[in-house]
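K.L.:
File follows, input04.cif with mmCIF, C-alpha atoms:
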```
data_protein
loop_
_atom_site.label_atom_id
_atom_site.label_comp_id
_atom_site.auth_asym_id
_atom_site.auth_seq_id
_atom_site.Cartn_x
_atom_site.Cartn_y
_atom_site.Cartn_z
CA MET A 165 5.21 -21.03 1.28
CA ILE A 166 3.90 -18.29 -1.04
CA LYS A 167 2.90 -19.90 -4.35
CA PRO A 168 4.91 -18.55 -7.30
CA HIS A 169 1.90 -17.03 -9.10
CA ARG A 170 1.25 -14.87 -6.02
CA ASN A 171 4.74 -13.42 -5.91
CA HIS A 172 3.94 -9.87 -7.03
CA PRO A 173 3.42 -6.60 -5.10
CA LEU A 174 -0.35 -6.23 -5.48
CA TRP A 175 -0.98 -9.75 -4.17
CA PHE A 176 1.05 -8.85 -1.07
CA ALA A 177 -1.02 -5.65 -0.78
CA PHE A 178 -4.15 -7.84 -0.88
CA LEU A 179 -2.68 -10.15 1.79
CA LEU A 180 -1.82 -7.22 4.09
CA HIS A 181 -5.32 -5.77 3.66
CA ARG A 182 -6.96 -9.13 4.42
CA VAL A 183 -4.76 -9.96 7.44
CA SER A 184 -5.07 -6.45 8.89
CA GLY A 185 -8.84 -6.59 8.41
CA VAL A 186 -9.15 -9.93 10.23
CA VAL A 187 -6.87 -8.81 13.08
CA LEU A 188 -8.82 -5.55 13.48
CA ALA A 189 -12.11 -7.46 13.48
CA LEU A 190 -10.76 -9.54 16.38
CA PHE A 191 -9.33 -6.49 18.16
CA LEU A 192 -12.35 -4.19 18.02
CA PRO A 193 -14.68 -6.20 20.29
CA VAL A 194 -11.89 -6.35 22.91
CA HIS A 195 -11.27 -2.62 22.44
CA PHE A 196 -14.94 -1.76 22.99
CA TYR A 197 -15.10 -4.08 26.00
CA VAL A 198 -12.16 -2.29 27.59
CA LEU A 199 -13.73 1.10 26.82
CA ALA A 200 -16.97 -0.09 28.44
CA LEU A 201 -15.03 -0.73 31.66
CA ALA A 202 -14.93 3.07 32.10
CA LEU A 203 -18.64 2.86 32.89
CA THR A 204 -18.91 -0.55 34.52
CA ASP A 205 -15.60 -1.01 36.36
CA PRO A 206 -13.32 2.09 36.49
CA ALA A 207 -10.86 0.43 38.85
CA GLY A 208 -10.57 -2.53 36.50
CA LEU A 209 -9.96 -0.14 33.62
CA ASN A 210 -7.15 1.59 35.51
CA GLY A 211 -5.59 -1.76 36.28
CA PHE A 212 -5.78 -2.76 32.63
CA LEU A 213 -4.38 0.57 31.42
CA SER A 214 -1.35 0.15 33.66
CA LEU A 215 -0.40 -2.73 31.37
CA THR A 216 0.26 -0.21 28.61
CA GLU A 217 3.41 0.90 30.47
CA ASN A 218 4.98 -2.47 29.64
CA ILE A 219 7.37 -2.17 26.68
CA TRP A 220 6.04 -5.35 25.08
CA VAL A 221 2.53 -3.96 25.16
CA LYS A 222 3.84 -0.77 23.53
CA ILE A 223 5.48 -2.86 20.81
CA ALA A 224 2.20 -4.75 20.32
CA GLU A 225 0.39 -1.40 20.08
CA PHE A 226 2.90 -0.32 17.44
CA GLY A 227 1.90 -3.41 15.43
CA LEU A 228 -1.76 -2.69 15.97
CA VAL A 229 -1.44 0.93 14.85
CA PHE A 230 0.55 -0.23 11.80
CA LEU A 231 -2.21 -2.67 10.83
CA LEU A 232 -4.93 -0.06 11.43
CA ALA A 233 -3.10 2.54 9.32
CA ALA A 234 -2.25 -0.02 6.62
CA HIS A 235 -5.88 -1.10 6.42
CA MET A 236 -7.08 2.49 6.24
CA LEU A 237 -4.56 3.64 3.60
CA GLY A 238 -4.85 0.38 1.64
CA GLY A 239 -8.64 0.74 1.73
CA LEU A 240 -8.35 4.29 0.37
CA ARG A 241 -6.21 2.91 -2.47
CA LEU A 242 -8.84 0.31 -3.31
CA MET A 243 -11.63 2.89 -3.20
CA ALA A 244 -9.63 5.13 -5.52
CA LEU A 245 -8.99 2.17 -7.82
CA GLU A 246 -12.71 1.43 -8.04
CA TRP A 247 -14.12 4.97 -8.14
CA LEU A 248 -11.53 7.26 -9.75
CA PRO A 249 -10.13 7.13 -13.31
CA TRP A 250 -7.65 4.25 -13.67
CA SER A 251 -4.02 4.89 -12.85
CA ASP A 252 -1.16 2.54 -13.80
CA ARG A 253 0.67 3.48 -10.59
CA GLN A 254 -1.08 0.90 -8.37
CA LYS A 255 2.19 -0.64 -7.14
CA THR A 256 3.47 2.82 -6.21
CA PHE A 257 0.22 3.58 -4.37
CA ALA A 258 0.37 0.26 -2.50
CA VAL A 259 3.98 0.83 -1.42
CA THR A 260 3.13 4.41 -0.42
CA ALA A 261 0.27 3.10 1.74
CA VAL A 262 2.66 0.73 3.55
CA ALA A 263 5.27 3.48 3.97
CA GLY A 264 2.59 5.84 5.31
CA ALA A 265 1.37 3.19 7.75
CA PHE A 266 4.95 2.61 8.93
CA ALA A 267 5.47 6.37 9.44
CA ILE A 268 2.22 6.70 11.42
CA SER A 269 2.98 3.67 13.62
CA CYS A 270 6.58 4.82 14.22
CA SER A 271 5.30 8.25 15.29
CA PHE A 272 2.92 6.55 17.68
CA PHE A 273 5.67 4.34 19.08
CA LEU A 274 8.12 7.20 19.56
CA SER A 275 5.54 9.25 21.46
CA ALA A 276 4.63 6.16 23.54
CA VAL A 277 8.21 5.48 24.69
CA GLN A 278 9.44 9.02 25.23
CA MET B 305 24.44 -24.71 -22.66
CA SER B 306 25.31 -28.35 -23.26
CA GLN B 307 23.93 -29.78 -20.04
CA ASP B 308 20.57 -31.57 -20.06
CA LEU B 309 17.64 -29.74 -18.52
CA SER B 310 15.88 -31.50 -15.67
CA VAL B 311 12.19 -31.21 -16.53
CA SER B 312 9.25 -32.31 -14.34
CA VAL B 313 6.06 -32.73 -16.35
CA TRP B 314 2.60 -33.33 -14.88
CA ARG B 315 1.10 -36.69 -15.87
CA SER B 316 -2.59 -37.13 -15.25
CA GLU B 317 -2.46 -40.94 -15.30
CA THR B 318 -0.26 -41.11 -12.21
CA ASN B 319 -1.40 -37.76 -10.78
CA ALA B 320 2.24 -36.83 -10.27
CA PHE B 321 5.15 -35.11 -11.97
CA GLN B 322 7.42 -37.26 -14.17
CA GLU B 323 11.10 -36.42 -14.66
CA PHE B 324 12.64 -36.04 -18.11
CA ALA B 325 16.14 -35.06 -19.24
CA VAL B 326 15.98 -32.72 -22.23
CA PRO B 327 19.01 -31.48 -24.18
CA ALA B 328 19.52 -27.77 -23.57
CA GLN B 329 19.74 -25.48 -26.59
CA LYS B 330 20.98 -21.92 -26.88
CA ASN B 331 17.55 -20.71 -27.92
CA GLN B 332 14.69 -22.85 -26.67
CA THR B 333 11.14 -22.17 -25.58
CA ILE B 334 9.10 -24.13 -23.04
CA LEU B 335 6.96 -25.41 -25.93
CA ASP B 336 10.16 -26.67 -27.61
CA VAL B 337 10.96 -28.60 -24.42
CA VAL B 338 7.49 -30.17 -24.24
CA SER B 339 7.56 -31.00 -27.96
CA TRP B 340 11.02 -32.62 -27.60
CA ILE B 341 9.75 -34.84 -24.78
CA GLN B 342 6.74 -35.92 -26.83
CA ALA B 343 8.83 -36.55 -29.96
CA ASN B 344 11.79 -38.29 -28.29
CA SER B 345 10.94 -39.56 -24.80
CA ASP B 346 7.25 -40.27 -24.43
CA PRO B 347 4.82 -40.06 -27.38
CA THR B 348 1.86 -40.47 -25.00
CA LEU B 349 2.43 -36.99 -23.51
CA SER B 350 -0.58 -34.79 -24.32
CA TYR B 351 -0.45 -31.01 -24.68
CA ARG B 352 -2.01 -28.36 -26.88
CA PHE B 353 -0.51 -25.85 -29.29
CA ALA B 354 -1.19 -24.43 -32.73
CA CYS B 355 0.52 -21.30 -34.06
CA ARG B 356 3.83 -21.29 -32.08
CA VAL B 357 4.04 -17.49 -32.47
CA GLY B 358 1.89 -16.12 -29.63
CA MET B 359 -1.28 -15.51 -31.59
CA CYS B 360 -3.61 -18.46 -31.03
CA GLY B 361 -3.58 -18.69 -27.22
CA SER B 362 -3.52 -22.52 -27.21
CA CYS B 363 -0.30 -23.42 -25.44
CA ALA B 364 -0.53 -21.80 -22.00
CA MET B 365 0.71 -23.95 -19.10
CA MET B 366 1.99 -23.51 -15.56
CA VAL B 367 5.77 -23.15 -15.69
CA ASN B 368 7.53 -23.29 -12.33
CA GLY B 369 4.16 -22.47 -10.75
CA GLU B 370 3.42 -19.44 -12.92
CA PRO B 371 1.00 -19.30 -15.89
CA ARG B 372 2.79 -18.58 -19.16
CA TRP B 373 2.34 -18.79 -22.93
CA THR B 374 4.87 -21.52 -23.57
CA CYS B 375 5.61 -20.77 -27.23
CA ARG B 376 6.96 -17.32 -26.34
CA THR B 377 8.59 -18.17 -23.00
CA HIS B 378 12.30 -18.80 -23.34
CA VAL B 379 13.76 -21.47 -21.09
CA LYS B 380 16.58 -19.18 -19.97
CA LYS B 381 14.01 -16.69 -18.65
CA VAL B 382 12.37 -19.15 -16.25
CA LEU B 383 15.00 -21.86 -15.58
CA LYS B 384 15.72 -22.33 -11.86
CA SER B 385 18.90 -24.30 -10.98
CA ASN B 386 18.59 -26.14 -14.31
CA ASN B 387 15.08 -27.34 -13.32
CA LEU B 388 11.72 -26.77 -14.97
CA GLU B 389 8.33 -27.81 -13.63
CA ILE B 390 5.59 -27.83 -16.26
CA GLY B 391 1.94 -28.45 -15.41
CA PRO B 392 -1.55 -27.80 -16.78
CA LEU B 393 -3.15 -24.39 -16.26
CA ARG B 394 -4.71 -23.77 -12.83
CA ASN B 395 -8.45 -23.31 -12.39
CA LEU B 396 -9.43 -25.50 -15.35
CA PRO B 397 -10.25 -29.24 -15.52
CA VAL B 398 -7.46 -31.36 -16.98
CA VAL B 399 -8.27 -33.39 -20.07
CA LYS B 400 -4.92 -35.20 -20.02
CA ASP B 401 -1.41 -34.29 -18.87
CA LEU B 402 -0.84 -30.66 -19.94
CA ALA B 403 -4.08 -30.18 -21.91
CA THR B 404 -6.91 -28.48 -20.03
CA ASP B 405 -10.60 -28.35 -20.85
CA MET B 406 -11.20 -24.73 -21.92
CA ASP B 407 -15.01 -25.05 -21.95
CA PRO B 408 -15.58 -23.34 -18.55
CA PHE B 409 -13.37 -20.46 -19.69
CA PHE B 410 -15.28 -19.88 -22.93
CA ASP B 411 -18.67 -20.54 -21.33
CA LYS B 412 -17.94 -17.58 -19.08
CA TRP B 413 -17.25 -15.37 -22.11
CA VAL B 414 -20.79 -16.18 -23.23
CA GLU B 415 -22.18 -15.61 -19.71
CA ALA B 416 -20.52 -12.17 -19.65
CA LYS B 417 -22.23 -11.38 -22.97
CA GLY B 418 -18.93 -11.30 -24.81
CA VAL B 419 -20.64 -11.30 -28.22
CA PHE B 420 -20.98 -8.01 -30.09
CA GLU B 421 -24.60 -6.95 -30.60
CA SER B 422 -24.83 -4.79 -33.67
CA THR B 423 -27.19 -1.83 -33.76
CA LYS B 424 -27.17 -1.83 -37.59
CA THR B 425 -28.34 -4.16 -40.34
CA ARG B 426 -26.63 -5.14 -43.59
CA HIS B 427 -28.68 -2.44 -45.29
CA ASP B 428 -27.18 0.40 -43.22
CA ASP B 429 -23.98 2.24 -44.06
CA MET B 430 -20.85 1.03 -42.30
CA GLU B 431 -20.07 2.79 -39.01
CA PRO B 432 -16.91 4.87 -39.41
CA ILE B 433 -14.21 3.92 -36.90
CA ILE B 434 -11.94 6.76 -35.87
CA PRO B 435 -8.93 5.11 -34.20
CA ASP B 436 -7.96 8.06 -32.02
CA ALA B 437 -11.46 8.95 -30.80
CA PRO B 438 -11.50 8.61 -26.97
CA GLU B 439 -14.35 6.07 -26.97
CA ARG B 440 -12.62 3.96 -29.64
CA MET B 441 -9.32 4.07 -27.73
CA ALA B 442 -11.14 2.86 -24.60
CA ALA B 443 -12.66 -0.03 -26.56
CA SER B 444 -9.37 -0.88 -28.27
CA ALA B 445 -7.36 -0.93 -25.02
CA ALA B 446 -8.78 -4.34 -24.06
CA ILE B 447 -9.31 -5.83 -27.50
CA GLU B 448 -6.09 -7.75 -28.21
CA CYS B 449 -6.94 -10.72 -25.96
CA ILE B 450 -5.86 -14.07 -27.46
CA ASN B 451 -7.95 -16.19 -25.02
CA CYS B 452 -4.95 -18.02 -23.64
CA ALA B 453 -6.49 -18.21 -20.10
CA VAL B 454 -3.21 -17.19 -18.46
CA CYS B 455 -5.12 -14.50 -16.51
CA TYR B 456 -7.78 -17.04 -15.56
CA ALA B 457 -5.09 -19.37 -14.19
CA ALA B 458 -3.39 -16.53 -12.29
CA CYS B 459 -6.59 -15.42 -10.56
CA ASP B 460 -7.23 -16.48 -6.95
CA SER B 461 -10.78 -15.09 -7.14
CA VAL B 462 -11.49 -17.73 -9.81
CA SER B 463 -9.95 -20.41 -7.56
CA GLY B 464 -12.16 -19.34 -4.66
CA ASN B 465 -15.43 -18.89 -6.54
CA ALA B 466 -16.36 -21.26 -9.36
CA GLU B 467 -19.08 -18.84 -10.54
CA TYR B 468 -16.70 -15.91 -10.99
CA LEU B 469 -16.51 -15.00 -14.67
CA GLY B 470 -12.80 -14.25 -14.47
CA PRO B 471 -10.54 -11.55 -15.95
CA ALA B 472 -10.72 -12.48 -19.65
CA ALA B 473 -14.53 -12.57 -19.91
CA LEU B 474 -14.87 -9.32 -17.95
CA ASN B 475 -12.11 -7.71 -20.02
CA ARG B 476 -14.12 -8.61 -23.13
CA ALA B 477 -17.32 -7.24 -21.60
CA TRP B 478 -15.54 -3.96 -20.79
CA SER B 479 -14.28 -3.67 -24.36
CA LEU B 480 -17.86 -3.98 -25.64
CA VAL B 481 -19.25 -1.59 -23.00
CA ASN B 482 -16.89 1.00 -24.49
CA ASP B 483 -17.85 0.19 -28.08
CA VAL B 484 -20.37 2.82 -29.17
CA ARG B 485 -21.57 0.54 -32.01
CA ASP B 486 -22.71 -2.11 -29.55
CA GLY B 487 -26.38 -2.21 -28.63
CA ALA B 488 -26.40 -4.37 -25.49
CA TYR B 489 -25.02 -1.94 -22.90
CA GLU B 490 -27.63 -2.58 -20.19
CA GLU B 491 -27.75 -6.38 -20.66
CA ARG B 492 -23.98 -6.63 -20.68
CA LEU B 493 -23.56 -4.57 -17.51
CA GLU B 494 -26.16 -6.77 -15.86
CA ALA B 495 -24.33 -9.93 -17.00
CA ALA B 496 -20.95 -8.57 -15.90
CA SER B 497 -22.12 -7.52 -12.44
CA GLY B 498 -24.31 -10.47 -11.39
CA ALA B 499 -23.51 -13.16 -8.82
CA GLY B 500 -20.27 -14.16 -10.59
CA GLY B 501 -19.52 -10.70 -11.93
CA CYS B 502 -16.92 -7.97 -11.59
CA HIS B 503 -17.67 -7.20 -7.94
CA ASN B 504 -16.10 -10.55 -6.95
CA CYS B 505 -12.68 -9.27 -7.99
CA HIS B 506 -10.28 -8.70 -5.05
CA SER B 507 -7.97 -6.46 -7.12
CA GLN B 508 -4.97 -8.73 -6.59
CA GLY B 509 -3.70 -7.83 -10.05
CA GLY B 510 -2.44 -11.31 -11.01
CA CYS B 511 -4.26 -11.07 -14.36
CA THR B 512 -2.42 -7.90 -15.31
CA ALA B 513 0.91 -9.13 -13.93
CA TYR B 514 0.82 -12.27 -16.10
CA CYS B 515 -1.08 -11.21 -19.26
CA PRO B 516 1.37 -12.12 -22.05
CA ASN B 517 -0.10 -9.45 -24.33
CA GLU B 518 0.36 -6.81 -21.62
CA LEU B 519 -3.35 -6.07 -21.44
CA ASN B 520 -4.78 -4.74 -18.18
CA PRO B 521 -7.82 -6.78 -17.10
CA SER B 522 -7.56 -5.20 -13.62
CA ALA B 523 -8.32 -1.81 -15.17
CA SER B 524 -11.16 -3.32 -17.22
CA ILE B 525 -12.75 -4.88 -14.13
CA ALA B 526 -12.34 -1.63 -12.18
CA GLY B 527 -13.99 0.12 -15.13
CA LEU B 528 -16.92 -2.30 -15.00
CA LYS B 529 -17.30 -1.79 -11.25
CA LYS B 530 -17.40 1.96 -11.78
CA GLU B 531 -19.74 1.78 -14.77
CA THR B 532 -22.23 -0.53 -13.03
CA SER B 533 -22.32 1.90 -10.10
CA ARG B 534 -22.72 4.90 -12.41
CA ASN B 535 -25.49 3.11 -14.25
CA TRP B 536 -27.22 2.26 -10.96
CA PHE B 537 -27.25 5.97 -10.11
CA GLY B 538 -28.65 6.71 -13.57
CA TRP B 539 -25.42 8.24 -14.89
CA GLY B 540 -24.53 5.44 -17.33
CA ARG B 541 -24.37 5.47 -21.14
CA SER B 542 -27.83 6.28 -22.45
#
```
Write the structure described by the file as structure tokens, please.

P.N.:
Amino acid sequence: MIKPHRNHPLWFAFLLHRVSGVVLALFLPVHFYVLALALTDPAGLNGFLSLTENIWVKIAEFGLVFLLAAHMLGGLRLMALEWLPWSDRQKTFAVTAVAGAFAISCSFFLSAVQ
Amino acid sequence: MSQDLSVSVWRSETNAFQEFAVPAQKNQTILDVVSWIQANSDPTLSYRFACRVGMCGSCAMMVNGEPRWTCRTHVKKVLKSNNLEIGPLRNLPVVKDLATDMDPFFDKWVEAKGVFESTKTRHDDMEPIIPDAPERMAASAAIECINCAVCYAACDSVSGNAEYLGPAALNRAWSLVNDVRDGAYEERLEAASGAGGCHNCHSQGGCTAYCPNELNPSASIAGLKKETSRNWFGWGRS
């Protein structure tokens, strides 16, 4: 499925950044709509928030937090690449960003299920 | 290695890959394979090469889906289950079979102002070049490009944007931006950062991953991005 010329770590870092960006762009309007329920329909908000007790919703939130953290840390890597003196350790930075995102999302998940 | 290699070669007449059986040798490059087919199986096969030693940049092709200089790519390095798939370079028009039209690639060198603009005349003394001076080292880092277009074929930003100048042209522009003898700093930065310029790069790093001369066009493009920004703020080379 992945074309052979794309089979290298920085292309996968690009793919993760692009996919996480698109998913977050779709998520944010829903997120702000739900937040707005606090002002327009508090009972509806409480009903919606009760969904977050469902384990599958917690797992989905884990994925969401992972994508958010990956987009943030990956974006910092790209800003460093474009604004700071060049470093040959781009693959290391990209892998570190993914590992950091995984650590952040795991922390979130553990606190959500405890 | 006595078994025949199973080689699929792109033919432009049928718009499809054609199968050939090529005798395997202990030491054999992809260019050897293509040359054997043309000499022994099908003399109508078209491809391009010149030096055979990795200096001229003529013989790049897609090998098993990856851009490579075929004269320096050993079969045993890329063979998959005794199969090879050889096609023309991506992102360039095909003239015939494995030969691509390199005009768009070189036109973009010109668009990126890849030509050195001297600040001296024939009546001036020669500019001394000190190899280990920091500015000379920055210029030299990107200078060994052989124009093979492997980076251009590896780049998805080129695939997605026909105007994008591509890694090789921008790498050349960066080399000249760092050359203190060059007198076209402002014009070159403008050329390298226009509609098809360095800011189109998505930093996927395919150019650096595949450059057969181990140059780093990603770093050159990042350098151009930084330098155009610095220059915009008035902090560029005076």

K.L.:
Taking only C-alpha atoms into account and nothing else, which residues of chain B lie no more than 9 Å away from chain A? Please answer as a list of chain:residue names.

P.N.:
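The contacting residues on chain B are B:Asn368, B:Gly369, B:Glu370, B:Pro371, B:Ala457, B:Ala458, B:Cys459, B:Asp460, B:His506, B:Ser507, B:Gln508, B:Gly509, B:Gly510, B:Ala513, B:Tyr514, B:Ala523, B:Ile525, B:Ala526, B:Gly527, B:Leu528, B:Lys529, B:Lys530, B:Ser533.
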
K.L.:
Running the PyMOL selection byres ((chain B and resi 420) around 7) on this model by hand, what would come out? Give it as a PDB file with C-alpha atoms, in the coordinates of the input.

P.N.:
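Saved to out_23.pdb:
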```pdb
ATOM      1  CA  GLY B 418     -18.930 -11.300 -24.810  1.00  0.00           C
ATOM      2  CA  VAL B 419     -20.640 -11.300 -28.220  1.00  0.00           C
ATOM      3  CA  GLU B 421     -24.600  -6.950 -30.600  1.00  0.00           C
ATOM      4  CA  SER B 422     -24.830  -4.790 -33.670  1.00  0.00           C
ATOM      5  CA  LEU B 480     -17.860  -3.980 -25.640  1.00  0.00           C
ATOM      6  CA  ASP B 486     -22.710  -2.110 -29.550  1.00  0.00           C
TER       7      ASP B 486
END
```

K.L.:
Leaving out Leu349 (chain B) and any residue of its chain fewer than 3 positions from it, which residues lie within 10 Å of it when counting only C-alpha atoms, given as a ChimeraX atom specification?

P.N.:
/B:313-316,338-339,341-343,345-346,400-403

K.L.:
Calculate how many Å separate CA of Leu393 (chain B) from CA of Met365 (chain B), rounding to one decimal.

P.N.:
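Distance between the two atoms: 4.8 Å.
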
K.L.:
Kindly give the distance, in Å, that separates CA of Tyr489 (chain B) and CA of Cys511 (chain B), rounded to a single decimal.

P.N.:
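Computing the Euclidean distance for CA of Tyr489 (chain B) and CA of Cys511 (chain B) yields 24.2 Å.
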
K.L.:
Could you check the closest approach to Val221 (chain A) for each of A:Ala267, A:Met165, A:Arg253, A:Ala276 and tell me which residue wins, using only C-alpha atoms?

P.N.:
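Looking only at the distances to Val221 (chain A), the closest residue turns out to be A:Ala276.
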
K.L.:
Evaluating the PyMOL selection byres ((chain A and resi 236) around 12) on the displayed file yields which residues, as a list of chain:residue names?

P.N.:
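Residues picked by the PyMOL selection byres ((chain A and resi 236) around 12): A:Leu180, A:His181, A:Arg182, A:Ser184, A:Gly185, A:Leu188, A:Val229, A:Phe230, A:Leu231, A:Leu232, A:Ala233, A:Ala234, A:His235, A:Leu237, A:Gly238, A:Gly239, A:Leu240, A:Arg241, A:Leu242, A:Met243, A:Ala258, A:Ala261, A:Val262, A:Gly264, A:Ala265, A:Ile268.
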
K.L.:
Just how far from CA of Ala364 (chain B) is CA of Ser310 (chain B), in Å to one decimal?

P.N.:
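Between CA of Ser310 (chain B) and CA of Ala364 (chain B) the gap works out to 20.1 Å.
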
K.L.:
When distances are computed from all atoms listed in the file, which of B:Glu389, B:Trp539, B:Thr425, B:Cys355 shows the smallest separation from Arg485 (chain B)?

P.N.:
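Of B:Glu389, B:Trp539, B:Thr425, B:Cys355, the one nearest Arg485 (chain B) is B:Thr425, counting all atoms listed in the file.
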
K.L.:
Missing atoms in region 174-192 of chain A need filling: write out N, CA and C atoms for it as a PDB file, in the frame of the given file.

P.N.:
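Once everything was written out, this is result.pdb:
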```pdb
ATOM      1  N   LEU A 174       1.059  -6.474  -5.779  1.00  0.00           N
ATOM      2  CA  LEU A 174      -0.350  -6.230  -5.480  1.00  0.00           C
ATOM      3  C   LEU A 174      -0.999  -7.410  -4.770  1.00  0.00           C
ATOM      4  N   TRP A 175      -0.446  -8.623  -4.952  1.00  0.00           N
ATOM      5  CA  TRP A 175      -0.980  -9.750  -4.170  1.00  0.00           C
ATOM      6  C   TRP A 175      -0.591  -9.574  -2.710  1.00  0.00           C
ATOM      7  N   PHE A 176       0.636  -9.087  -2.455  1.00  0.00           N
ATOM      8  CA  PHE A 176       1.050  -8.850  -1.070  1.00  0.00           C
ATOM      9  C   PHE A 176       0.226  -7.716  -0.454  1.00  0.00           C
ATOM     10  N   ALA A 177      -0.141  -6.718  -1.272  1.00  0.00           N
ATOM     11  CA  ALA A 177      -1.020  -5.650  -0.780  1.00  0.00           C
ATOM     12  C   ALA A 177      -2.374  -6.227  -0.388  1.00  0.00           C
ATOM     13  N   PHE A 178      -2.886  -7.161  -1.209  1.00  0.00           N
ATOM     14  CA  PHE A 178      -4.150  -7.840  -0.880  1.00  0.00           C
ATOM     15  C   PHE A 178      -4.009  -8.605   0.431  1.00  0.00           C
ATOM     16  N   LEU A 179      -2.890  -9.335   0.584  1.00  0.00           N
ATOM     17  CA  LEU A 179      -2.680 -10.150   1.790  1.00  0.00           C
ATOM     18  C   LEU A 179      -2.646  -9.259   3.043  1.00  0.00           C
ATOM     19  N   LEU A 180      -1.908  -8.137   2.949  1.00  0.00           N
ATOM     20  CA  LEU A 180      -1.820  -7.220   4.090  1.00  0.00           C
ATOM     21  C   LEU A 180      -3.197  -6.673   4.442  1.00  0.00           C
ATOM     22  N   HIS A 181      -3.979  -6.332   3.421  1.00  0.00           N
ATOM     23  CA  HIS A 181      -5.320  -5.770   3.660  1.00  0.00           C
ATOM     24  C   HIS A 181      -6.218  -6.810   4.328  1.00  0.00           C
ATOM     25  N   ARG A 182      -6.110  -8.060   3.865  1.00  0.00           N
ATOM     26  CA  ARG A 182      -6.960  -9.130   4.420  1.00  0.00           C
ATOM     27  C   ARG A 182      -6.551  -9.451   5.860  1.00  0.00           C
ATOM     28  N   VAL A 183      -5.237  -9.612   6.096  1.00  0.00           N
ATOM     29  CA  VAL A 183      -4.760  -9.960   7.440  1.00  0.00           C
ATOM     30  C   VAL A 183      -5.067  -8.830   8.416  1.00  0.00           C
ATOM     31  N   SER A 184      -4.804  -7.581   7.994  1.00  0.00           N
ATOM     32  CA  SER A 184      -5.070  -6.450   8.890  1.00  0.00           C
ATOM     33  C   SER A 184      -6.565  -6.343   9.179  1.00  0.00           C
ATOM     34  N   GLY A 185      -7.392  -6.639   8.203  1.00  0.00           N
ATOM     35  CA  GLY A 185      -8.840  -6.590   8.410  1.00  0.00           C
ATOM     36  C   GLY A 185      -9.303  -7.631   9.417  1.00  0.00           C
ATOM     37  N   VAL A 186      -8.770  -8.848   9.299  1.00  0.00           N
ATOM     38  CA  VAL A 186      -9.150  -9.930  10.230  1.00  0.00           C
ATOM     39  C   VAL A 186      -8.678  -9.597  11.641  1.00  0.00           C
ATOM     40  N   VAL A 187      -7.418  -9.134  11.750  1.00  0.00           N
ATOM     41  CA  VAL A 187      -6.870  -8.810  13.080  1.00  0.00           C
ATOM     42  C   VAL A 187      -7.677  -7.679  13.714  1.00  0.00           C
ATOM     43  N   LEU A 188      -8.033  -6.665  12.931  1.00  0.00           N
ATOM     44  CA  LEU A 188      -8.820  -5.550  13.480  1.00  0.00           C
ATOM     45  C   LEU A 188     -10.214  -6.005  13.876  1.00  0.00           C
ATOM     46  N   ALA A 189     -10.782  -6.931  13.122  1.00  0.00           N
ATOM     47  CA  ALA A 189     -12.110  -7.460  13.480  1.00  0.00           C
ATOM     48  C   ALA A 189     -12.047  -8.195  14.816  1.00  0.00           C
ATOM     49  N   LEU A 190     -10.922  -8.855  15.092  1.00  0.00           N
ATOM     50  CA  LEU A 190     -10.760  -9.540  16.380  1.00  0.00           C
ATOM     51  C   LEU A 190     -10.470  -8.536  17.494  1.00  0.00           C
ATOM     52  N   PHE A 191      -9.735  -7.472  17.149  1.00  0.00           N
ATOM     53  CA  PHE A 191      -9.330  -6.490  18.160  1.00  0.00           C
ATOM     54  C   PHE A 191     -10.494  -5.606  18.620  1.00  0.00           C
ATOM     55  N   LEU A 192     -11.332  -5.205  17.686  1.00  0.00           N
ATOM     56  CA  LEU A 192     -12.350  -4.190  18.020  1.00  0.00           C
ATOM     57  C   LEU A 192     -13.304  -4.603  19.140  1.00  0.00           C
TER      58      LEU A 192
END
```
